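The structure file run_35.txt is reproduced below (compact mmCIF, C-alpha atoms and all ligand atoms).
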```txt
# COMPACT_ATOMS: atom_id res chain seq x y z
CA MET V 1 74.76 75.80 92.57
CA ASN V 2 75.90 79.26 93.72
CA THR V 3 78.17 79.70 96.73
CA LEU V 4 78.69 82.84 98.81
CA ALA V 5 82.32 82.92 100.03
CA ILE V 6 83.47 85.29 102.79
CA ASP V 7 86.98 86.08 104.03
CA ILE V 8 87.05 87.96 107.36
CA GLY V 9 90.45 89.48 108.12
CA GLY V 10 91.84 92.01 110.57
CA THR V 11 92.62 94.64 107.91
CA LYS V 12 90.03 93.86 105.24
CA PHE V 13 87.17 91.55 104.49
CA SER V 14 86.05 90.16 101.13
CA VAL V 15 82.80 88.71 99.89
CA ALA V 16 82.53 86.75 96.61
CA LEU V 17 79.88 84.90 94.69
CA PHE V 18 80.78 81.71 92.81
CA GLU V 19 78.53 80.31 90.10
CA VAL V 20 79.70 76.68 90.29
CA SER V 21 83.49 77.39 90.43
CA ARG V 22 83.54 80.72 88.55
CA MET V 23 83.82 83.90 90.60
CA THR V 24 81.22 86.32 89.26
CA LEU V 25 81.00 88.95 92.02
CA ARG V 26 83.62 90.18 94.47
CA GLN V 27 83.90 93.04 96.95
CA THR V 28 86.65 93.98 99.40
CA HIS V 29 86.33 96.57 102.16
CA ALA V 30 88.54 97.80 104.99
CA THR V 31 87.85 96.28 108.41
CA ARG V 32 86.96 98.78 111.11
CA ARG V 33 88.76 97.13 114.01
CA ASP V 34 87.08 99.43 116.55
CA GLY V 35 83.68 98.37 115.19
CA GLY V 36 84.22 94.88 116.58
CA ARG V 37 82.03 91.94 115.71
CA ALA V 38 78.73 93.82 115.49
CA TRP V 39 79.99 96.13 112.75
CA MET V 40 81.50 93.26 110.75
CA MET V 41 78.33 91.16 110.92
CA GLU V 42 76.22 94.13 109.79
CA GLN V 43 78.48 94.70 106.74
CA ILE V 44 78.56 91.05 105.68
CA VAL V 45 74.87 90.41 106.17
CA GLY V 46 74.04 93.64 104.29
CA ILE V 47 76.02 92.60 101.19
CA ALA V 48 74.85 88.98 101.38
CA LYS V 49 71.16 89.91 101.54
CA LEU V 50 71.47 92.15 98.48
CA TRP V 51 73.24 89.43 96.49
CA LYS V 52 70.78 86.79 97.65
CA LYS V 53 67.98 88.84 96.14
CA ASP V 54 69.86 89.69 92.89
CA ALA V 55 72.03 86.70 91.94
CA GLY V 56 70.97 84.15 94.55
CA PHE V 57 73.08 81.54 96.38
CA GLN V 58 72.26 78.23 98.00
CA ARG V 59 75.12 77.90 100.48
CA CYS V 60 77.70 80.01 102.29
CA SER V 61 81.25 79.34 103.46
CA VAL V 62 83.44 81.60 105.62
CA GLY V 63 87.16 81.86 106.37
CA PHE V 64 87.80 83.66 109.67
CA GLY V 65 91.09 85.36 110.62
CA GLY V 66 91.60 83.62 113.94
CA PRO V 67 91.14 80.20 115.52
CA VAL V 68 87.85 78.45 114.74
CA ASP V 69 86.54 75.35 116.51
CA PHE V 70 85.54 73.35 113.46
CA SER V 71 83.47 70.72 115.24
CA SER V 72 81.18 73.27 116.94
CA GLN V 73 81.43 75.77 114.04
CA ARG V 74 82.27 78.61 116.47
CA VAL V 75 84.96 81.27 116.34
CA THR V 76 87.31 80.63 119.27
CA VAL V 77 88.86 84.11 119.53
CA SER V 78 90.33 86.98 117.49
CA ASN V 79 93.63 88.57 118.53
CA VAL V 80 92.94 91.78 116.60
CA VAL V 81 89.16 92.48 116.61
CA SER V 82 86.99 92.36 119.74
CA GLY V 83 83.72 90.54 120.39
CA TRP V 84 84.37 87.22 118.61
CA GLN V 85 85.10 85.03 121.62
CA GLU V 86 83.16 81.73 121.38
CA PHE V 87 80.83 83.26 118.78
CA PRO V 88 78.60 80.75 116.89
CA LEU V 89 79.31 82.39 113.51
CA ALA V 90 77.92 79.60 111.30
CA ALA V 91 74.62 79.39 113.20
CA SER V 92 74.26 83.18 113.28
CA LEU V 93 74.80 83.58 109.51
CA GLN V 94 72.57 80.61 108.77
CA HIS V 95 69.81 82.32 110.75
CA GLU V 96 70.31 85.63 108.86
CA LEU V 97 70.71 84.20 105.34
CA GLY V 98 68.51 81.12 105.39
CA VAL V 99 71.10 78.85 103.71
CA PRO V 100 73.56 76.25 105.13
CA VAL V 101 76.82 77.85 106.36
CA VAL V 102 80.20 76.28 107.08
CA ILE V 103 83.16 78.13 108.66
CA ASP V 104 86.85 77.46 109.16
CA ASN V 105 90.03 79.29 110.07
CA ASP V 106 91.44 81.39 107.18
CA GLY V 107 94.80 79.59 107.30
CA ASN V 108 93.07 76.27 106.70
CA LEU V 109 90.97 77.69 103.87
CA GLY V 110 93.94 79.46 102.27
CA ALA V 111 95.66 76.06 102.27
CA LEU V 112 92.65 74.35 100.76
CA GLY V 113 92.18 77.07 98.11
CA GLU V 114 95.82 76.92 97.00
CA ALA V 115 95.81 73.09 97.12
CA VAL V 116 92.73 72.76 94.92
CA TYR V 117 92.96 75.84 92.66
CA GLY V 118 96.44 77.38 93.10
CA SER V 119 100.19 76.89 93.71
CA GLY V 120 99.71 73.72 95.75
CA ALA V 121 97.88 71.72 93.07
CA GLY V 122 99.28 68.17 92.97
CA CYS V 123 101.40 68.74 96.11
CA ASP V 124 100.61 66.56 99.13
CA PRO V 125 101.36 67.05 101.98
CA PHE V 126 101.09 70.76 101.42
CA PHE V 127 101.60 73.66 103.83
CA TYR V 128 100.26 77.19 103.37
CA MET V 129 100.85 80.23 105.51
CA ASN V 130 99.46 83.73 105.20
CA ILE V 131 101.38 86.73 106.41
CA SER V 132 99.04 89.68 106.63
CA THR V 133 97.70 91.51 109.70
CA GLY V 134 98.54 88.34 111.64
CA ILE V 135 100.05 85.01 110.59
CA GLY V 136 98.01 81.87 109.98
CA GLY V 137 98.75 78.50 108.48
CA GLY V 138 97.12 75.36 107.21
CA LEU V 139 98.15 71.81 106.37
CA ILE V 140 96.67 69.61 103.67
CA MET V 141 97.31 65.90 104.07
CA GLY V 142 95.70 63.19 101.99
CA GLY V 143 93.75 65.86 100.11
CA GLU V 144 92.08 67.17 103.27
CA VAL V 145 92.63 69.90 105.84
CA TYR V 146 94.47 68.46 108.84
CA ARG V 147 92.94 70.24 111.87
CA GLY V 148 94.44 68.24 114.75
CA ALA V 149 92.67 67.18 117.96
CA ASP V 150 91.38 70.67 118.87
CA SER V 151 91.28 72.58 115.56
CA PHE V 152 94.64 74.21 116.42
CA ALA V 153 96.90 72.41 113.91
CA GLY V 154 98.80 74.64 111.52
CA GLU V 155 98.99 77.65 113.91
CA ILE V 156 102.50 78.47 112.77
CA GLY V 157 102.07 82.11 113.87
CA HIS V 158 102.57 81.14 117.50
CA ILE V 159 105.72 79.06 117.16
CA THR V 160 108.43 80.76 119.26
CA VAL V 161 111.24 82.19 117.15
CA ARG V 162 112.68 84.66 119.74
CA PRO V 163 112.62 83.25 123.30
CA GLY V 164 112.23 86.21 125.69
CA GLY V 165 111.21 88.44 122.76
CA PRO V 166 108.36 90.97 122.73
CA ARG V 167 104.89 89.98 123.96
CA CYS V 168 102.50 88.55 121.35
CA GLY V 169 98.70 88.92 121.26
CA CYS V 170 98.45 85.29 122.41
CA GLY V 171 100.29 86.17 125.64
CA ALA V 172 103.56 84.38 124.85
CA GLN V 173 106.84 86.07 123.92
CA GLY V 174 108.68 86.15 120.59
CA CYS V 175 106.11 84.27 118.48
CA LEU V 176 106.60 84.20 114.70
CA GLU V 177 103.46 86.36 114.37
CA ARG V 178 104.87 88.90 116.86
CA MET V 179 108.13 89.19 114.89
CA CYS V 180 106.88 88.94 111.30
CA CYS V 181 103.21 89.87 110.79
CA GLY V 182 102.13 93.09 109.08
CA MET V 183 100.48 94.67 112.12
CA TRP V 184 103.51 94.28 114.39
CA ILE V 185 106.29 95.14 111.90
CA GLU V 186 104.47 98.38 111.08
CA GLU V 187 104.20 99.19 114.78
CA ASP V 188 107.80 98.21 115.55
CA HIS V 189 109.35 100.04 112.58
CA GLY V 190 106.91 102.95 112.17
CA LYS V 191 106.42 102.41 108.42
CA PRO V 192 103.90 100.62 106.19
CA ALA V 193 104.99 97.04 105.46
CA LYS V 194 105.23 97.67 101.72
CA ASP V 195 107.85 100.40 102.34
CA LEU V 196 109.84 98.17 104.71
CA PHE V 197 110.31 95.53 102.01
CA THR V 198 112.13 98.03 99.78
CA ASP V 199 114.87 98.21 102.45
CA PRO V 200 117.35 95.30 102.01
CA ALA V 201 118.68 95.72 105.56
CA PHE V 202 115.19 95.24 106.99
CA VAL V 203 114.54 92.21 104.78
CA ARG V 204 117.85 90.55 105.78
CA ASN V 205 116.79 90.58 109.44
CA TYR V 206 113.17 89.77 108.68
CA VAL V 207 113.90 86.55 106.78
CA VAL V 208 115.99 85.16 109.67
CA ASP V 209 112.94 84.98 111.96
CA LEU V 210 110.63 83.87 109.16
CA ALA V 211 113.02 81.08 108.14
CA ILE V 212 113.25 79.84 111.76
CA GLY V 213 109.48 79.36 111.68
CA LEU V 214 109.44 77.72 108.26
CA LYS V 215 112.33 75.42 109.17
CA SER V 216 110.15 73.87 111.89
CA VAL V 217 107.45 73.15 109.32
CA ILE V 218 109.86 71.74 106.73
CA LEU V 219 111.66 69.45 109.18
CA LEU V 220 108.51 68.31 111.00
CA LEU V 221 106.26 67.73 108.00
CA ASN V 222 108.51 67.53 104.91
CA PRO V 223 105.81 69.16 102.77
CA ALA V 224 105.90 68.68 98.99
CA ARG V 225 105.55 72.46 98.74
CA LEU V 226 105.15 75.42 101.06
CA VAL V 227 103.19 78.43 99.81
CA ILE V 228 103.09 81.90 101.37
CA GLY V 229 100.08 84.15 100.79
CA GLY V 230 98.72 87.33 102.37
CA GLY V 231 99.73 90.96 101.78
CA ILE V 232 103.41 90.50 102.72
CA SER V 233 103.87 87.82 100.01
CA LYS V 234 103.27 90.58 97.43
CA ALA V 235 106.82 91.79 98.14
CA GLY V 236 107.78 89.14 95.54
CA ASP V 237 111.48 88.50 94.83
CA ALA V 238 112.49 91.15 97.39
CA LEU V 239 111.22 88.66 99.99
CA PHE V 240 111.44 85.23 98.35
CA VAL V 241 115.05 85.41 97.08
CA PRO V 242 116.61 86.28 100.49
CA LEU V 243 114.16 83.93 102.23
CA ASN V 244 115.28 81.00 100.09
CA ALA V 245 118.94 81.81 100.74
CA GLU V 246 118.29 81.99 104.50
CA LEU V 247 116.37 78.67 104.48
CA HIS V 248 119.28 77.00 102.71
CA ARG V 249 121.63 78.47 105.34
CA GLN V 250 119.51 77.30 108.31
CA ILE V 251 118.58 73.87 106.92
CA THR V 252 121.88 72.12 106.43
CA SER V 253 122.63 69.63 103.67
CA TRP V 254 122.10 66.88 106.29
CA SER V 255 118.37 67.20 105.54
CA ARG V 256 117.14 65.92 102.20
CA ALA V 257 113.74 67.57 102.75
CA ARG V 258 113.03 69.79 99.77
CA ILE V 259 112.93 73.56 100.17
CA ASP V 260 110.17 74.51 97.73
CA VAL V 261 108.69 77.83 98.86
CA LEU V 262 106.50 79.84 96.49
CA PRO V 263 104.06 82.77 96.63
CA ALA V 264 100.34 82.00 96.53
CA ALA V 265 98.97 81.81 92.97
CA LEU V 266 95.53 83.10 93.94
CA ALA V 267 96.94 86.24 95.61
CA ASP V 268 94.11 87.87 97.60
CA ASP V 269 91.62 85.13 96.74
CA SER V 270 93.20 82.00 98.30
CA VAL V 271 90.76 82.04 101.21
CA LEU V 272 87.73 82.71 98.99
CA TYR V 273 88.59 79.74 96.74
CA GLY V 274 89.27 77.67 99.86
CA ALA V 275 85.82 78.57 101.15
CA LEU V 276 84.38 77.34 97.85
CA ALA V 277 86.40 74.10 98.08
CA LEU V 278 85.25 73.55 101.68
CA ALA V 279 81.59 74.06 100.71
CA GLU V 280 82.08 71.57 97.87
CA SER V 281 83.86 68.95 100.00
CA ALA V 282 81.50 69.37 102.95
CA SER V 283 78.55 69.01 100.54
CA VAL V 284 76.96 72.06 102.12
CA SER V 285 73.62 72.24 100.39
ZN ZN B 301 101.70 84.31 119.85
```

Would you give me this structure, written as structure tokens?
Ligand SMILES: [Zn+2]
Amino acid sequence: MNTLAIDIGGTKFSVALFEVSRMTLRQTHATRRDGGRAWMMEQIVGIAKLWKKDAGFQRCSVGFGGPVDFSSQRVTVSNVVSGWQEFPLAASLQHELGVPVVIDNDGNLGALGEAVYGSGAGCDPFFYMNISTGIGGGLIMGGEVYRGADSFAGEIGHITVRPGGPRCGCGAQGCLERMCCGMWIEEDHGKPAKDLFTDPAFVRNYVVDLAIGLKSVILLLNPARLVIGGGISKAGDALFVPLNAELHRQITSWSRARIDVLPAALADDSVLYGALALAESASVS
């Protein structure tokens, strides 16, 4: 059984082919935000059709960088790329590719990928967040993605960390995503994120807001482990050492909830492996 796995993000998108659970093909390309949905669909379908002819696959699974209504298999909206509102992505790809397709939010699939194949193995409940163009999150409970009543569980990016702070893409003010995601920190500070994380003064301020968001997760859910993926997590110790110190400062010794925060083991591939795991668990065939 071969699976086509797709990760659609605001800065880049990736397409991979799994033969059973081994990744045998993988491509990543920059997202043209001004190209909107039409451009993205054309790119993905182009690659998929080539691979279908050459290597072949029998099912497809997609992680989308924005809210997805899992029950209807539609994208709800994207805050960074236009044209996705209420788009029936699974049905559209199924029509183009002629194989069963399942879609979910990239935060949920990052969580599932790390839980099954990465840093979250054996940890339950388990929380994953990605900090890249935006911020997403996902919760694994009882070995499954917890989606909530309306597929909006795990949306840690829109927890308020700065009441009255700057306006977020969701319309609220001072969201964690507005204060800490790659797209906004680059705009606010006029430098690429990877340069910002070499500046200890920037990181000291940055981890305060990030820890406020993570504290909510730790105290509400008491996860066995919390894993951070996405481009920002590549800052490594420059981020994780001060973040841990700040979490221990904000979460007092009153709480016995563990503070176990690690970078994603699958780096750029958490969502792709999560897509594979979803296809396997959903028995998409
Ligand atoms: Zn927001």

Ligand ZN 301 (chain B) neighbours within 12 Å using all atoms listed in the file, as a tab-separated table (two decimals) with C-alpha atoms, in the frame of the given file:
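Once written, part11.tsv looks like this:
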```
chain	number	residue	atom	x	y	z
V	66	GLY	CA	91.60	83.62	113.94
V	78	SER	CA	90.33	86.98	117.49
V	79	ASN	CA	93.63	88.57	118.53
V	80	VAL	CA	92.94	91.78	116.60
V	134	GLY	CA	98.54	88.34	111.64
V	135	ILE	CA	100.05	85.01	110.59
V	136	GLY	CA	98.01	81.87	109.98
V	155	GLU	CA	98.99	77.65	113.91
V	156	ILE	CA	102.50	78.47	112.77
V	157	GLY	CA	102.07	82.11	113.87
V	158	HIS	CA	102.57	81.14	117.50
V	159	ILE	CA	105.72	79.06	117.16
V	160	THR	CA	108.43	80.76	119.26
V	161	VAL	CA	111.24	82.19	117.15
V	162	ARG	CA	112.68	84.66	119.74
V	163	PRO	CA	112.62	83.25	123.30
V	165	GLY	CA	111.21	88.44	122.76
V	166	PRO	CA	108.36	90.97	122.73
V	167	ARG	CA	104.89	89.98	123.96
V	168	CYS	CA	102.50	88.55	121.35
V	169	GLY	CA	98.70	88.92	121.26
V	170	CYS	CA	98.45	85.29	122.41
V	171	GLY	CA	100.29	86.17	125.64
V	172	ALA	CA	103.56	84.38	124.85
V	173	GLN	CA	106.84	86.07	123.92
V	174	GLY	CA	108.68	86.15	120.59
V	175	CYS	CA	106.11	84.27	118.48
V	176	LEU	CA	106.60	84.20	114.70
V	177	GLU	CA	103.46	86.36	114.37
V	178	ARG	CA	104.87	88.90	116.86
V	179	MET	CA	108.13	89.19	114.89
V	180	CYS	CA	106.88	88.94	111.30
V	181	CYS	CA	103.21	89.87	110.79
V	184	TRP	CA	103.51	94.28	114.39
```

Interface rows for range 219-279 of chain V against range 15-33 of chain V: nearest pair, Å to one decimal, 9 Å, all atoms listed in the file, as a Markdown table:
```
| residue | atom | partner | partner_atom | distance |
| --- | --- | --- | --- | --- |
| V:Leu272 | CA | V:Ala16 | CA | 7.0 |
| V:Tyr273 | CA | V:Ser21 | CA | 8.4 |
| V:Leu276 | CA | V:Ser21 | CA | 7.5 |
| V:Ala277 | CA | V:Ser21 | CA | 8.8 |
```

Please work out which residues fall within 12 Å of (104.1, 96.5, 111.0), coordinates as given in the file, with all atoms listed in the file counting, and return them as a PDB file with C-alpha atoms, in the frame of the given file.
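File written: result_18.pdb
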```
ATOM      1  CA  ILE V 131     101.380  86.730 106.410  1.00  0.00           C
ATOM      2  CA  SER V 132      99.040  89.680 106.630  1.00  0.00           C
ATOM      3  CA  THR V 133      97.700  91.510 109.700  1.00  0.00           C
ATOM      4  CA  GLY V 134      98.540  88.340 111.640  1.00  0.00           C
ATOM      5  CA  GLU V 177     103.460  86.360 114.370  1.00  0.00           C
ATOM      6  CA  ARG V 178     104.870  88.900 116.860  1.00  0.00           C
ATOM      7  CA  MET V 179     108.130  89.190 114.890  1.00  0.00           C
ATOM      8  CA  CYS V 180     106.880  88.940 111.300  1.00  0.00           C
ATOM      9  CA  CYS V 181     103.210  89.870 110.790  1.00  0.00           C
ATOM     10  CA  GLY V 182     102.130  93.090 109.080  1.00  0.00           C
ATOM     11  CA  MET V 183     100.480  94.670 112.120  1.00  0.00           C
ATOM     12  CA  TRP V 184     103.510  94.280 114.390  1.00  0.00           C
ATOM     13  CA  ILE V 185     106.290  95.140 111.900  1.00  0.00           C
ATOM     14  CA  GLU V 186     104.470  98.380 111.080  1.00  0.00           C
ATOM     15  CA  GLU V 187     104.200  99.190 114.780  1.00  0.00           C
ATOM     16  CA  ASP V 188     107.800  98.210 115.550  1.00  0.00           C
ATOM     17  CA  HIS V 189     109.350 100.040 112.580  1.00  0.00           C
ATOM     18  CA  GLY V 190     106.910 102.950 112.170  1.00  0.00           C
ATOM     19  CA  LYS V 191     106.420 102.410 108.420  1.00  0.00           C
ATOM     20  CA  PRO V 192     103.900 100.620 106.190  1.00  0.00           C
ATOM     21  CA  ALA V 193     104.990  97.040 105.460  1.00  0.00           C
ATOM     22  CA  LYS V 194     105.230  97.670 101.720  1.00  0.00           C
ATOM     23  CA  ASP V 195     107.850 100.400 102.340  1.00  0.00           C
ATOM     24  CA  LEU V 196     109.840  98.170 104.710  1.00  0.00           C
ATOM     25  CA  PHE V 197     110.310  95.530 102.010  1.00  0.00           C
ATOM     26  CA  PHE V 202     115.190  95.240 106.990  1.00  0.00           C
ATOM     27  CA  TYR V 206     113.170  89.770 108.680  1.00  0.00           C
ATOM     28  CA  GLY V 231      99.730  90.960 101.780  1.00  0.00           C
ATOM     29  CA  ILE V 232     103.410  90.500 102.720  1.00  0.00           C
TER      30      ILE V 232
END
```

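Atom to atom, CA of Gly138 in chain V and CA of Phe152 in chain V stand 9.6 Å apart.
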
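Nearest residue to Ala48 in chain V among V:Ala5, V:Ala264, V:Ala153, V:Leu243 is V:Ala5, counting all atoms listed in the file.
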
Which centre and edge lengths in Å to one decimal define the box along x, y and z that fits every listed atom of range 177-181 of chain V plus 4 Å per side, as JSON?
```
{"center_x": 105.7, "center_y": 88.1, "center_z": 113.8, "size_x": 12.9, "size_y": 11.5, "size_z": 14.1}
```

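Take the candidates V:Val75, V:Leu210, V:Met141, V:Met1 and check each one against Ala55 in chain V using only C-alpha atoms; the shortest distance goes to V:Met1.
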
Interatomic distance, CA of Arg256 in chain V to CA of Val203 in chain V (Å, one decimal): 26.5 Å

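Between Trp39 in chain V and the candidates V:Gly83, V:Pro100, V:Gly274, V:Pro125, the tightest atom-to-atom separation, counting only C-alpha atoms, involves V:Gly83.
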
Taken to one decimal, the CA of Asp268 in chain V-CA of Phe87 in chain V distance is 25.4 Å
